[in-house]
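Engineer: Questions regarding the structure given below will be posed in turn.
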Amino acid sequence: MAIERTFSIIKPDATKRNLTGKINAKFEEAGLRIVAQKRIQMTMEQAGQFYAVHKERPFYGELCEFMVSEPVVVQVLEGEGAILKNREVMGATNPADAADGTIRKEFALSVGENSVHGSDAPETAAEEIAFFFSGLEIVG
Ligand code: UDP
Ligand code: MG
């Protein structure tokens, strides 16, 4: 399997509870390398654009409000099959459905406040990385 890069966000519920290191340990234990990382306060404009794919969903407004409620940590993760591997480490969207040992099973509070975002495909990974990082900020 090829080396890939995927985009990750440690969400406000997790930064607020000081879980950045514990979540990063999960990525590293799974063989994912953090090749770019920064802590930012997302703006409403960024949140709205980033989640534009969900614009028509009933939770869109609440999701955007949540994403700007506290700082987030945006990241690029690199490794063999990183996109799928990260989705496995994250666990299901709803923590009630997430497998044991996954980030969402251990840390998520609810289907909305679910601690992490991860890209779902190569195209979205490339788009989402470029949305938050310049090439110079990514050091593999
Ligand atoms: N979300 C929500 N309610 C739902 C489904 C999703 O609040 O019923 C939020 C949740 O924070 C989720 C994000 O919207 O992580 C994006 O949803 P998606 O279906 O893409 O889930 P993900 O890819 O994050 O697992
Ligand atoms: Mg998604």
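Chain labels A, B, ... are given in the sequence in which chains occur in the structure tokens; within each chain residues are numbered consecutively from 1, and ligands are likewise numbered from 1 in the order shown.
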List as a ChimeraX atom specification the protein and nucleic acid residues near Ala30 (chain A), meaning an atom at most 9 Å away when only C-alpha atoms are counted, but skip any in the same chain fewer than 6 places from it.

Structural biologist: /A:85-86,89

Engineer: Deliver the residues from the most recent selection as a file, using N, CA and C atoms, as an mmCIF file, in the first residue's frame.

Structural biologist:
data_model
loop_
_atom_site.group_PDB
_atom_site.id
_atom_site.type_symbol
_atom_site.label_atom_id
_atom_site.label_comp_id
_atom_site.auth_asym_id
_atom_site.auth_seq_id
_atom_site.Cartn_x
_atom_site.Cartn_y
_atom_site.Cartn_z
ATOM 1 N N LYS A 85 -6.502 4.203 7.359
ATOM 2 C CA LYS A 85 -5.967 3.879 8.687
ATOM 3 C C LYS A 85 -6.455 4.898 9.722
ATOM 4 N N ASN A 86 -6.432 6.186 9.347
ATOM 5 C CA ASN A 86 -6.899 7.208 10.282
ATOM 6 C C ASN A 86 -8.378 7.028 10.601
ATOM 7 N N VAL A 89 -8.624 4.378 13.192
ATOM 8 C CA VAL A 89 -8.175 4.829 14.519
ATOM 9 C C VAL A 89 -9.225 5.761 15.141
#

Engineer: Check every protein, DNA and RNA residue against ligand 2, keep those with an atom at most 8 Å away (counting only C-alpha atoms and all ligand atoms), and present them as an NGL selection string.

Structural biologist: :A and (117-120)

Engineer: Go ahead and write the selection's residues with N, CA, C and O atoms as a PDB file, in the first residue's frame.

Structural biologist:
ATOM      1  N   HIS A 117     -11.774  14.973  13.426  1.00  0.00           N
ATOM      2  CA  HIS A 117     -12.184  14.903  12.017  1.00  0.00           C
ATOM      3  C   HIS A 117     -11.092  14.178  11.254  1.00  0.00           C
ATOM      4  O   HIS A 117      -9.905  14.344  11.563  1.00  0.00           O
ATOM      5  N   GLY A 118     -11.461  13.419  10.241  1.00  0.00           N
ATOM      6  CA  GLY A 118     -10.471  12.818   9.351  1.00  0.00           C
ATOM      7  C   GLY A 118     -11.021  12.762   7.934  1.00  0.00           C
ATOM      8  O   GLY A 118     -12.209  12.464   7.742  1.00  0.00           O
ATOM      9  N   SER A 119     -10.183  13.040   6.957  1.00  0.00           N
ATOM     10  CA  SER A 119     -10.606  12.991   5.554  1.00  0.00           C
ATOM     11  C   SER A 119     -11.126  11.604   5.205  1.00  0.00           C
ATOM     12  O   SER A 119     -10.665  10.599   5.751  1.00  0.00           O
ATOM     13  N   ASP A 120     -12.066  11.561   4.241  1.00  0.00           N
ATOM     14  CA  ASP A 120     -12.695  10.275   3.906  1.00  0.00           C
ATOM     15  C   ASP A 120     -12.240   9.681   2.572  1.00  0.00           C
ATOM     16  O   ASP A 120     -12.655   8.583   2.226  1.00  0.00           O
TER      17      ASP A 120
END

Engineer: Quick one: everything within 10 Å of Thr15 (chain A), counting only C-alpha atoms, minus sequence neighbours fewer than 6 positions away in the same chain. Send it as a list in words.

Structural biologist: Gly21, Ile23, Arg39, Glu70, Pro71, Val72, Val73 and Ser115 of chain A

Engineer: With N, CA, C and O atoms kept, could you save the residues just selected as an mmCIF file, in the first residue's frame?

Structural biologist:
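And here is the file that came out, part29.cif:
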data_model
loop_
_atom_site.group_PDB
_atom_site.id
_atom_site.type_symbol
_atom_site.label_atom_id
_atom_site.label_comp_id
_atom_site.auth_asym_id
_atom_site.auth_seq_id
_atom_site.Cartn_x
_atom_site.Cartn_y
_atom_site.Cartn_z
ATOM 1 N N GLY A 21 -2.463 15.445 23.427
ATOM 2 C CA GLY A 21 -1.364 14.467 23.504
ATOM 3 C C GLY A 21 -1.862 13.027 23.469
ATOM 4 O O GLY A 21 -1.268 12.169 22.801
ATOM 5 N N ILE A 23 -4.588 11.924 22.106
ATOM 6 C CA ILE A 23 -5.075 11.616 20.752
ATOM 7 C C ILE A 23 -3.892 11.450 19.803
ATOM 8 O O ILE A 23 -3.854 10.505 19.001
ATOM 9 N N ARG A 39 -2.155 24.724 16.145
ATOM 10 C CA ARG A 39 -3.350 24.997 16.944
ATOM 11 C C ARG A 39 -3.897 26.340 16.477
ATOM 12 O O ARG A 39 -3.157 27.335 16.456
ATOM 13 N N GLU A 70 -13.942 26.699 20.599
ATOM 14 C CA GLU A 70 -12.656 26.558 21.315
ATOM 15 C C GLU A 70 -11.602 26.357 20.230
ATOM 16 O O GLU A 70 -11.937 26.043 19.096
ATOM 17 N N PRO A 71 -10.321 26.482 20.573
ATOM 18 C CA PRO A 71 -9.294 26.196 19.565
ATOM 19 C C PRO A 71 -9.361 24.747 19.064
ATOM 20 O O PRO A 71 -9.888 23.867 19.744
ATOM 21 N N VAL A 72 -8.833 24.556 17.861
ATOM 22 C CA VAL A 72 -8.685 23.204 17.313
ATOM 23 C C VAL A 72 -7.216 23.000 16.931
ATOM 24 O O VAL A 72 -6.470 23.963 16.801
ATOM 25 N N VAL A 73 -6.830 21.733 16.744
ATOM 26 C CA VAL A 73 -5.492 21.425 16.238
ATOM 27 C C VAL A 73 -5.672 20.789 14.866
ATOM 28 O O VAL A 73 -6.303 19.731 14.750
ATOM 29 N N SER A 115 -14.627 14.631 18.936
ATOM 30 C CA SER A 115 -13.173 14.710 19.208
ATOM 31 C C SER A 115 -12.239 14.838 18.010
ATOM 32 O O SER A 115 -11.185 15.453 18.137
#

Engineer: What does the list of residues within 9 Å of ligand 1 look like if you count only C-alpha atoms and all ligand atoms, written as a count of residues only?

Structural biologist: 30

Engineer: Would you compute the distance between CA of Gln46 (chain A) and CA of Val76 (chain A)? Give it in Å to one decimal.

Structural biologist: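 So the answer is 17.4 Å.
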
Engineer: What residues in region 6-136 of chain A get the DSSP label alpha helix (DSSP H)? Please answer as a ChimeraX atom specification.

Structural biologist: /A:12-16,20-29,44-50,60-67,82-90,103-107,122-132

Engineer: Pick out the residues sitting within 10 Å of Phe131 (chain A), and hand them over as a list in words; count only C-alpha atoms, and ignore anything fewer than 2 positions along from it in its own chain.

Structural biologist: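 Final neighbour list, sorted by chain and number: Phe7, Gln46, Gln49, Phe50, Ala125, Ala126, Glu127, Glu128, Ile129, Phe133 and Ser134 of chain A.
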
Engineer: Counting only C-alpha atoms, which of A:Lys26, A:Arg5, A:Arg104, A:Lys16 gets nearest to Gly140 (chain A)?

Structural biologist: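 For Gly140 (chain A), the nearest of the given residues is A:Arg5.
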
Engineer: From the options A:Ser69, A:Gln37, A:Thr6, A:Thr102, which residue's atoms come nearest to Thr20 (chain A), counting only C-alpha atoms?

Structural biologist: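 Smallest distance to Thr20 (chain A) is found for A:Gln37.
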
Engineer: I'd like the interatomic distance between CA of Ile40 (chain A) and CA of Phe107 (chain A), to a tenth of an Å.

Structural biologist: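 It comes out at 20.6 Å.
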
Engineer: Pick out each residue of region 20-125 of chain A that DSSP on the backbone tags as strand (DSSP E); I need them as an NGL selection string.

Structural biologist: :A and (33-40 or 72-80 or 116-118)

Engineer: Quick one: write out the picked residues with C-alpha atoms as a PDB file, in the first residue's frame?

Structural biologist:
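Generated output (result29.pdb):
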ATOM      1  CA  ARG A  33       3.325  10.341  11.482  1.00  0.00           C
ATOM      2  CA  ILE A  34       2.257  13.920  12.321  1.00  0.00           C
ATOM      3  CA  VAL A  35       4.059  15.777   9.516  1.00  0.00           C
ATOM      4  CA  ALA A  36       2.313  19.134  10.079  1.00  0.00           C
ATOM      5  CA  GLN A  37       0.370  20.483  13.029  1.00  0.00           C
ATOM      6  CA  LYS A  38      -0.908  23.826  14.313  1.00  0.00           C
ATOM      7  CA  ARG A  39      -3.350  24.997  16.944  1.00  0.00           C
ATOM      8  CA  ILE A  40      -5.768  27.598  15.567  1.00  0.00           C
ATOM      9  CA  VAL A  72      -8.685  23.204  17.313  1.00  0.00           C
ATOM     10  CA  VAL A  73      -5.492  21.425  16.238  1.00  0.00           C
ATOM     11  CA  VAL A  74      -5.245  20.923  12.479  1.00  0.00           C
ATOM     12  CA  GLN A  75      -2.835  18.244  11.292  1.00  0.00           C
ATOM     13  CA  VAL A  76      -1.447  16.325   8.368  1.00  0.00           C
ATOM     14  CA  LEU A  77      -0.923  12.615   9.083  1.00  0.00           C
ATOM     15  CA  GLU A  78       1.309  10.489   6.866  1.00  0.00           C
ATOM     16  CA  GLY A  79       1.709   6.737   6.552  1.00  0.00           C
ATOM     17  CA  GLU A  80       0.855   3.555   4.669  1.00  0.00           C
ATOM     18  CA  VAL A 116     -11.665  14.267  15.720  1.00  0.00           C
ATOM     19  CA  HIS A 117     -12.184  14.903  12.017  1.00  0.00           C
ATOM     20  CA  GLY A 118     -10.471  12.818   9.351  1.00  0.00           C
TER      21      GLY A 118
END

Engineer: When you count only C-alpha atoms, which of these residues is closest to Ala121 (chain A): A:Ala108, A:Leu32, A:Ala82, A:Val68?

Structural biologist: A:Ala82

Engineer: Measure the distance from CA of Asp97 (chain A) to CA of Glu28 (chain A) in Å and round it to one decimal.

Structural biologist: 23.2 Å
